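Structure data follow from model.txt (compact mmCIF, N, CA and C atoms):
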```txt
# COMPACT_ATOMS: atom_id res chain seq x y z
N MET A 1425 6.37 -30.71 86.70
CA MET A 1425 6.54 -31.62 85.58
C MET A 1425 7.90 -31.35 84.94
N LYS A 1426 8.61 -32.38 84.58
CA LYS A 1426 9.92 -32.21 83.99
C LYS A 1426 9.81 -31.64 82.57
N LYS A 1427 10.86 -30.94 82.19
CA LYS A 1427 10.89 -30.27 80.89
C LYS A 1427 10.72 -31.25 79.72
N ALA A 1428 11.41 -32.38 79.78
CA ALA A 1428 11.33 -33.38 78.71
C ALA A 1428 9.91 -33.93 78.58
N HIS A 1429 9.26 -34.15 79.73
CA HIS A 1429 7.89 -34.67 79.70
C HIS A 1429 6.94 -33.64 79.09
N LYS A 1430 7.14 -32.36 79.42
CA LYS A 1430 6.30 -31.30 78.85
C LYS A 1430 6.46 -31.25 77.33
N LYS A 1431 7.70 -31.37 76.86
CA LYS A 1431 7.96 -31.34 75.41
C LYS A 1431 7.29 -32.53 74.74
N ALA A 1432 7.41 -33.71 75.32
CA ALA A 1432 6.81 -34.92 74.75
C ALA A 1432 5.29 -34.79 74.72
N THR A 1433 4.70 -34.24 75.77
CA THR A 1433 3.25 -34.06 75.82
C THR A 1433 2.80 -33.07 74.75
N ALA A 1434 3.54 -31.97 74.62
CA ALA A 1434 3.20 -30.96 73.61
C ALA A 1434 3.30 -31.54 72.21
N ALA A 1435 4.34 -32.32 71.95
CA ALA A 1435 4.51 -32.94 70.63
C ALA A 1435 3.39 -33.93 70.35
N ARG A 1436 3.01 -34.73 71.36
CA ARG A 1436 1.91 -35.69 71.19
C ARG A 1436 0.62 -34.96 70.87
N ASP A 1437 0.35 -33.88 71.60
CA ASP A 1437 -0.87 -33.11 71.37
C ASP A 1437 -0.86 -32.48 69.98
N ALA A 1438 0.30 -31.99 69.55
CA ALA A 1438 0.41 -31.39 68.21
C ALA A 1438 0.14 -32.44 67.14
N HIS A 1439 0.70 -33.65 67.34
CA HIS A 1439 0.49 -34.73 66.38
C HIS A 1439 -0.98 -35.12 66.34
N HIS A 1440 -1.59 -35.28 67.52
CA HIS A 1440 -3.01 -35.63 67.57
C HIS A 1440 -3.86 -34.52 66.95
N SER A 1441 -3.54 -33.29 67.26
CA SER A 1441 -4.29 -32.16 66.71
C SER A 1441 -4.18 -32.13 65.20
N ARG A 1442 -3.00 -32.39 64.69
CA ARG A 1442 -2.79 -32.39 63.23
C ARG A 1442 -3.61 -33.51 62.59
N LYS A 1443 -3.56 -34.69 63.19
CA LYS A 1443 -4.32 -35.82 62.66
C LYS A 1443 -5.81 -35.50 62.67
N GLN A 1444 -6.28 -34.90 63.76
CA GLN A 1444 -7.69 -34.51 63.87
C GLN A 1444 -8.04 -33.42 62.86
N ALA A 1445 -7.13 -32.45 62.68
CA ALA A 1445 -7.37 -31.36 61.73
C ALA A 1445 -7.48 -31.90 60.30
N ILE A 1446 -6.70 -32.90 59.97
CA ILE A 1446 -6.80 -33.52 58.64
C ILE A 1446 -8.12 -34.27 58.52
N ALA A 1447 -8.51 -34.98 59.56
CA ALA A 1447 -9.78 -35.70 59.54
C ALA A 1447 -10.97 -34.74 59.40
N ASN A 1448 -10.84 -33.54 59.97
CA ASN A 1448 -11.92 -32.55 59.92
C ASN A 1448 -11.80 -31.58 58.74
N PHE A 1449 -10.83 -31.83 57.85
CA PHE A 1449 -10.59 -31.01 56.66
C PHE A 1449 -10.21 -29.57 56.98
N VAL A 1450 -9.66 -29.35 58.17
CA VAL A 1450 -9.08 -28.05 58.52
C VAL A 1450 -7.71 -27.96 57.86
N LEU A 1451 -7.01 -29.10 57.82
CA LEU A 1451 -5.77 -29.24 57.07
C LEU A 1451 -6.00 -30.23 55.95
N ILE A 1452 -5.39 -29.98 54.81
CA ILE A 1452 -5.49 -30.87 53.66
C ILE A 1452 -4.13 -31.54 53.46
N ASP A 1453 -4.10 -32.87 53.56
CA ASP A 1453 -2.86 -33.62 53.42
C ASP A 1453 -2.47 -33.69 51.94
N VAL A 1454 -1.30 -33.18 51.61
CA VAL A 1454 -0.81 -33.20 50.23
C VAL A 1454 0.49 -34.00 50.12
N THR A 1455 0.69 -34.90 51.07
CA THR A 1455 1.91 -35.69 51.13
C THR A 1455 2.19 -36.48 49.85
N PRO A 1456 1.19 -37.13 49.22
CA PRO A 1456 1.51 -37.89 47.99
C PRO A 1456 2.14 -37.01 46.91
N THR A 1457 1.62 -35.82 46.70
CA THR A 1457 2.21 -34.92 45.70
C THR A 1457 3.56 -34.41 46.19
N ALA A 1458 3.67 -34.12 47.47
CA ALA A 1458 4.94 -33.65 48.03
C ALA A 1458 6.04 -34.68 47.81
N LYS A 1459 5.70 -35.95 47.97
CA LYS A 1459 6.70 -37.00 47.75
C LYS A 1459 7.18 -37.01 46.30
N LYS A 1460 6.28 -36.73 45.37
CA LYS A 1460 6.66 -36.67 43.95
C LYS A 1460 7.64 -35.53 43.68
N THR A 1461 7.57 -34.47 44.48
CA THR A 1461 8.49 -33.35 44.30
C THR A 1461 9.79 -33.54 45.08
N GLY A 1462 9.89 -34.66 45.80
CA GLY A 1462 11.12 -34.97 46.51
C GLY A 1462 11.06 -34.79 48.01
N SER A 1463 9.92 -34.38 48.55
CA SER A 1463 9.80 -34.20 50.00
C SER A 1463 9.88 -35.54 50.71
N LYS A 1464 10.59 -35.55 51.80
CA LYS A 1464 10.72 -36.77 52.58
C LYS A 1464 9.85 -36.74 53.84
N VAL A 1465 9.10 -35.65 54.02
CA VAL A 1465 8.26 -35.50 55.21
C VAL A 1465 6.82 -35.21 54.79
N PRO A 1466 5.85 -35.53 55.66
CA PRO A 1466 4.45 -35.22 55.37
C PRO A 1466 4.23 -33.71 55.25
N VAL A 1467 3.33 -33.32 54.36
CA VAL A 1467 3.01 -31.91 54.13
C VAL A 1467 1.50 -31.74 54.11
N ALA A 1468 1.03 -30.70 54.79
CA ALA A 1468 -0.40 -30.36 54.78
C ALA A 1468 -0.55 -28.86 54.60
N LEU A 1469 -1.66 -28.46 53.96
CA LEU A 1469 -2.01 -27.06 53.80
C LEU A 1469 -3.26 -26.78 54.60
N THR A 1470 -3.39 -25.56 55.09
CA THR A 1470 -4.66 -25.18 55.70
C THR A 1470 -5.70 -25.17 54.59
N ALA A 1471 -6.95 -25.30 54.96
CA ALA A 1471 -8.04 -25.28 53.98
C ALA A 1471 -8.03 -23.97 53.19
N ALA A 1472 -7.73 -22.85 53.85
CA ALA A 1472 -7.69 -21.55 53.18
C ALA A 1472 -6.57 -21.49 52.15
N ALA A 1473 -5.41 -22.00 52.49
CA ALA A 1473 -4.29 -22.01 51.53
C ALA A 1473 -4.60 -22.94 50.36
N HIS A 1474 -5.19 -24.09 50.65
CA HIS A 1474 -5.54 -25.05 49.61
C HIS A 1474 -6.57 -24.44 48.64
N ALA A 1475 -7.52 -23.70 49.18
CA ALA A 1475 -8.56 -23.08 48.33
C ALA A 1475 -7.95 -22.10 47.34
N GLN A 1476 -6.84 -21.46 47.71
CA GLN A 1476 -6.18 -20.50 46.81
C GLN A 1476 -5.55 -21.21 45.61
N LEU A 1477 -5.31 -22.50 45.72
CA LEU A 1477 -4.69 -23.26 44.64
C LEU A 1477 -5.70 -23.76 43.63
N ASP A 1478 -6.95 -23.87 44.03
CA ASP A 1478 -7.98 -24.44 43.16
C ASP A 1478 -8.15 -23.54 41.93
N PRO A 1479 -7.87 -24.05 40.74
CA PRO A 1479 -7.94 -23.20 39.55
C PRO A 1479 -9.38 -22.80 39.21
N SER A 1480 -9.53 -21.58 38.72
CA SER A 1480 -10.84 -21.12 38.27
C SER A 1480 -11.24 -21.87 37.00
N LYS A 1481 -12.46 -21.69 36.57
CA LYS A 1481 -12.91 -22.34 35.33
C LYS A 1481 -12.08 -21.88 34.14
N ARG A 1482 -11.73 -20.59 34.13
CA ARG A 1482 -10.92 -20.04 33.03
C ARG A 1482 -9.54 -20.69 32.99
N VAL A 1483 -8.90 -20.80 34.14
CA VAL A 1483 -7.57 -21.41 34.21
C VAL A 1483 -7.66 -22.90 33.89
N ALA A 1484 -8.70 -23.57 34.39
CA ALA A 1484 -8.90 -24.99 34.10
C ALA A 1484 -9.12 -25.21 32.61
N ALA A 1485 -9.84 -24.30 31.97
CA ALA A 1485 -10.09 -24.42 30.53
C ALA A 1485 -8.79 -24.30 29.73
N LEU A 1486 -7.82 -23.60 30.29
CA LEU A 1486 -6.51 -23.47 29.64
C LEU A 1486 -5.58 -24.62 29.99
N GLY A 1487 -6.08 -25.55 30.79
CA GLY A 1487 -5.30 -26.74 31.13
C GLY A 1487 -4.69 -26.72 32.51
N GLY A 1488 -4.93 -25.66 33.28
CA GLY A 1488 -4.38 -25.59 34.64
C GLY A 1488 -5.11 -26.54 35.57
N THR A 1489 -4.34 -27.26 36.38
CA THR A 1489 -4.94 -28.21 37.31
C THR A 1489 -4.48 -27.92 38.74
N LEU A 1490 -5.22 -28.44 39.68
CA LEU A 1490 -4.84 -28.32 41.08
C LEU A 1490 -3.50 -28.99 41.33
N GLU A 1491 -3.29 -30.12 40.72
CA GLU A 1491 -2.03 -30.86 40.88
C GLU A 1491 -0.83 -30.02 40.42
N GLU A 1492 -0.98 -29.33 39.27
CA GLU A 1492 0.11 -28.48 38.77
C GLU A 1492 0.38 -27.31 39.71
N ARG A 1493 -0.68 -26.70 40.22
CA ARG A 1493 -0.53 -25.56 41.13
C ARG A 1493 0.15 -26.03 42.42
N LEU A 1494 -0.25 -27.20 42.90
CA LEU A 1494 0.35 -27.76 44.09
C LEU A 1494 1.83 -28.06 43.86
N TRP A 1495 2.13 -28.60 42.71
CA TRP A 1495 3.52 -28.90 42.34
C TRP A 1495 4.34 -27.60 42.38
N ASP A 1496 3.81 -26.53 41.80
CA ASP A 1496 4.50 -25.23 41.80
C ASP A 1496 4.74 -24.75 43.24
N LEU A 1497 3.72 -24.87 44.07
CA LEU A 1497 3.83 -24.43 45.46
C LEU A 1497 4.92 -25.22 46.19
N LEU A 1498 4.90 -26.52 46.05
CA LEU A 1498 5.86 -27.36 46.76
C LEU A 1498 7.28 -27.16 46.25
N THR A 1499 7.42 -26.92 44.97
CA THR A 1499 8.73 -26.63 44.41
C THR A 1499 9.24 -25.29 44.94
N GLY A 1500 8.35 -24.30 45.03
CA GLY A 1500 8.73 -23.01 45.59
C GLY A 1500 9.14 -23.13 47.04
N LEU A 1501 8.42 -23.93 47.80
CA LEU A 1501 8.76 -24.15 49.20
C LEU A 1501 10.14 -24.79 49.31
N ASP A 1502 10.40 -25.78 48.50
CA ASP A 1502 11.69 -26.46 48.53
C ASP A 1502 12.81 -25.47 48.25
N PHE A 1503 12.62 -24.62 47.27
CA PHE A 1503 13.63 -23.65 46.90
C PHE A 1503 13.90 -22.66 48.04
N CYS A 1504 12.84 -22.13 48.64
CA CYS A 1504 13.03 -21.09 49.67
C CYS A 1504 13.50 -21.65 51.00
N SER A 1505 13.29 -22.94 51.24
CA SER A 1505 13.62 -23.49 52.55
C SER A 1505 14.98 -24.18 52.62
N GLN A 1506 15.67 -24.27 51.51
CA GLN A 1506 16.95 -24.97 51.52
C GLN A 1506 17.92 -24.30 52.49
N ASN A 1507 18.40 -25.10 53.42
CA ASN A 1507 19.40 -24.66 54.40
C ASN A 1507 18.96 -23.47 55.24
N LYS A 1508 17.67 -23.36 55.54
CA LYS A 1508 17.22 -22.23 56.33
C LYS A 1508 16.50 -22.63 57.61
N GLY A 1509 16.62 -23.86 58.05
CA GLY A 1509 16.05 -24.24 59.33
C GLY A 1509 14.55 -24.46 59.32
N ALA A 1510 13.96 -24.35 60.50
CA ALA A 1510 12.56 -24.71 60.71
C ALA A 1510 11.56 -23.67 60.22
N GLY A 1511 11.97 -22.46 60.03
CA GLY A 1511 11.05 -21.45 59.50
C GLY A 1511 10.52 -20.55 60.57
N PRO A 1512 9.56 -19.73 60.26
CA PRO A 1512 8.73 -19.87 59.07
C PRO A 1512 9.48 -19.47 57.79
N HIS A 1513 9.05 -20.10 56.71
CA HIS A 1513 9.57 -19.80 55.38
C HIS A 1513 8.46 -19.07 54.63
N TYR A 1514 8.78 -17.91 54.11
CA TYR A 1514 7.80 -17.11 53.38
C TYR A 1514 8.06 -17.24 51.89
N PHE A 1515 7.00 -17.47 51.14
CA PHE A 1515 7.11 -17.59 49.69
C PHE A 1515 5.74 -17.32 49.09
N GLY A 1516 5.63 -17.37 47.78
CA GLY A 1516 4.35 -17.09 47.16
C GLY A 1516 4.16 -17.85 45.87
N ILE A 1517 2.92 -17.89 45.43
CA ILE A 1517 2.59 -18.45 44.12
C ILE A 1517 1.70 -17.44 43.41
N LEU A 1518 1.71 -17.49 42.11
CA LEU A 1518 0.95 -16.53 41.32
C LEU A 1518 -0.49 -16.97 41.17
N ASP A 1519 -1.42 -16.06 41.46
CA ASP A 1519 -2.84 -16.27 41.19
C ASP A 1519 -3.08 -15.77 39.78
N MET A 1520 -3.26 -16.69 38.84
CA MET A 1520 -3.35 -16.35 37.42
C MET A 1520 -4.56 -15.48 37.11
N ASP A 1521 -5.68 -15.72 37.79
CA ASP A 1521 -6.89 -14.95 37.51
C ASP A 1521 -6.77 -13.50 37.95
N LYS A 1522 -6.28 -13.31 39.15
CA LYS A 1522 -6.23 -11.96 39.72
C LYS A 1522 -4.89 -11.28 39.46
N ARG A 1523 -3.98 -12.01 38.83
CA ARG A 1523 -2.65 -11.49 38.53
C ARG A 1523 -2.00 -10.86 39.76
N ARG A 1524 -1.94 -11.67 40.80
CA ARG A 1524 -1.32 -11.23 42.05
C ARG A 1524 -0.66 -12.43 42.71
N MET A 1525 0.21 -12.13 43.65
CA MET A 1525 0.87 -13.20 44.40
C MET A 1525 0.00 -13.59 45.59
N VAL A 1526 -0.06 -14.88 45.86
CA VAL A 1526 -0.67 -15.40 47.07
C VAL A 1526 0.50 -15.67 48.02
N HIS A 1527 0.54 -14.93 49.12
CA HIS A 1527 1.66 -15.03 50.06
C HIS A 1527 1.39 -16.14 51.08
N LEU A 1528 2.39 -17.00 51.23
CA LEU A 1528 2.27 -18.18 52.09
C LEU A 1528 3.43 -18.23 53.09
N LYS A 1529 3.24 -19.03 54.11
CA LYS A 1529 4.32 -19.31 55.05
C LYS A 1529 4.26 -20.80 55.40
N ALA A 1530 5.41 -21.36 55.65
CA ALA A 1530 5.50 -22.79 55.98
C ALA A 1530 6.34 -22.97 57.23
N TYR A 1531 5.93 -23.94 58.03
CA TYR A 1531 6.65 -24.29 59.24
C TYR A 1531 7.03 -25.76 59.18
N ILE A 1532 8.26 -26.05 59.59
CA ILE A 1532 8.68 -27.43 59.78
C ILE A 1532 8.55 -27.69 61.27
N GLU A 1533 7.70 -28.64 61.62
CA GLU A 1533 7.40 -28.93 63.02
C GLU A 1533 7.78 -30.37 63.36
N ARG A 1534 7.67 -30.71 64.62
CA ARG A 1534 7.98 -32.06 65.09
C ARG A 1534 6.76 -32.68 65.74
N GLY A 1535 6.54 -33.98 65.45
CA GLY A 1535 5.42 -34.70 66.02
C GLY A 1535 5.80 -35.45 67.29
N TYR A 1536 4.95 -36.37 67.70
CA TYR A 1536 5.09 -37.12 68.95
C TYR A 1536 6.43 -37.83 69.08
N ASN A 1537 6.87 -38.47 68.02
CA ASN A 1537 8.14 -39.19 68.04
C ASN A 1537 9.25 -38.38 67.39
N ALA A 1538 9.13 -37.07 67.42
CA ALA A 1538 10.10 -36.12 66.87
C ALA A 1538 10.20 -36.21 65.35
N GLU A 1539 9.20 -36.82 64.71
CA GLU A 1539 9.21 -36.89 63.24
C GLU A 1539 8.79 -35.53 62.68
N PRO A 1540 9.51 -35.06 61.66
CA PRO A 1540 9.19 -33.74 61.10
C PRO A 1540 7.96 -33.79 60.20
N PHE A 1541 7.25 -32.68 60.13
CA PHE A 1541 6.17 -32.50 59.17
C PHE A 1541 6.09 -31.01 58.84
N ILE A 1542 5.50 -30.71 57.71
CA ILE A 1542 5.40 -29.33 57.24
C ILE A 1542 3.95 -28.90 57.18
N THR A 1543 3.67 -27.70 57.65
CA THR A 1543 2.35 -27.09 57.54
C THR A 1543 2.49 -25.79 56.75
N ILE A 1544 1.65 -25.63 55.73
CA ILE A 1544 1.67 -24.43 54.89
C ILE A 1544 0.38 -23.67 55.11
N LYS A 1545 0.51 -22.36 55.35
CA LYS A 1545 -0.64 -21.49 55.63
C LYS A 1545 -0.55 -20.24 54.77
N LEU A 1546 -1.69 -19.54 54.67
CA LEU A 1546 -1.64 -18.20 54.11
C LEU A 1546 -0.83 -17.34 55.07
N GLU A 1547 -0.14 -16.36 54.56
CA GLU A 1547 0.72 -15.55 55.39
C GLU A 1547 -0.03 -14.90 56.55
N ARG A 1548 -1.29 -14.55 56.34
CA ARG A 1548 -2.06 -13.86 57.37
C ARG A 1548 -2.72 -14.81 58.38
N GLU A 1549 -2.63 -16.12 58.16
CA GLU A 1549 -3.21 -17.09 59.09
C GLU A 1549 -2.32 -17.29 60.31
N ASP A 1550 -2.97 -17.56 61.46
CA ASP A 1550 -2.21 -17.86 62.69
C ASP A 1550 -1.75 -19.29 62.69
```
Would it be possible to restate this file's structure as structure tokens?
Amino acid sequence: MKKAHKKATAARDAHHSRKQAIANFVLIDVTPTAKKTGSKVPVALTAAAHAQLDPSKRVAALGGTLEERLWDLLTGLDFCSQNKGAGPHYFGILDMDKRRMVHLKAYIERGYNAEPFITIKLERED
């Protein structure tokens, strides 16, 4: 099989897998919020990374929302990824309840038609 065909097949499978992962809630699509922060490409988080953003009752009572936490995460990603290529990009957000950093990594990948997309995971996730 030719090299170009293998790359196209791998990209198609990655795109299909991503679409399926979003449909199965393995990945959570956060593209609408990402666009508000200036992202020009689709962004998804793994379910585990997304769960780390969900504010506790205590934080929610103080006015913290999932949207705000997501905004902070995406802004942090934008800052750490400027002019640094496809990644992985390592960054973190503060867990207000546990007073610790949640360490994340992001990859800029290519889909079937070479369109870029971003996947954000916990640092320890494969």
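Counting only C-alpha atoms and comparing A:Ala1538, A:Leu1469, A:Glu1547, A:Asn1448, the residue that lies closest to Val1526 (chain A) is A:Glu1547.
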Residues of region 1480-1541 of chain A at most 7 Å from region 1457-1463 of chain A: nearest atom pair and distance in Å, only C-alpha atoms, as JSON lines:
```
{"residue": "A:Trp1495", "atom": "CA", "partner": "A:Thr1461", "partner_atom": "CA", "distance": 7.0}
{"residue": "A:Leu1498", "atom": "CA", "partner": "A:Ala1458", "partner_atom": "CA", "distance": 6.5}
{"residue": "A:Thr1499", "atom": "CA", "partner": "A:Thr1461", "partner_atom": "CA", "distance": 6.7}
```
| said: as a ChimeraX atom specification, please: every residue in region 1436-1542 of chain A that a backbone DSSP assignment puts in alpha helix (DSSP H). | reply: /A:1436-1447,1455-1460,1471-1477,1481-1485,1490-1505
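CA of Lys1522 (chain A) sits 17.0 Å away from CA of Leu1497 (chain A).
Counting from atom C of Leu1477 (chain A), the distance to CA of Lys1464 (chain A) is 22.8 Å.
Checking A:Ala1530, A:Leu1451, A:Ile1517, A:Ala1445 one by one against Thr1543 (chain A), counting all atoms listed in the file, you find the shortest gap at A:Ala1530.
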Please give the complete set of residues from chain A that DSSP, run on the backbone, assigns to strand (DSSP E), formatted as a PyMOL selection string. chain A and resi 1451-1453+1467-1470+1513-1519+1524-1534+1540-1546
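Taking CA of Asp1502 (chain A) and atom N of Asp1550 (chain A) as the two end points, the separation is 21.5 Å.
Among the candidate residues A:Leu1528, A:Glu1533, A:Leu1486, A:Phe1515, the one lying nearest to Ala1473 (chain A) is A:Leu1528, with distances computed using only N, CA and C atoms.
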Report task. Write out as a PyMOL selection string which residues come within 8 Å of Pro1540 (chain A) when counting only N, CA and C atoms, dropping same-chain ones fewer than 6 positions away. Result -> chain A and resi 1464-1467+1532-1534
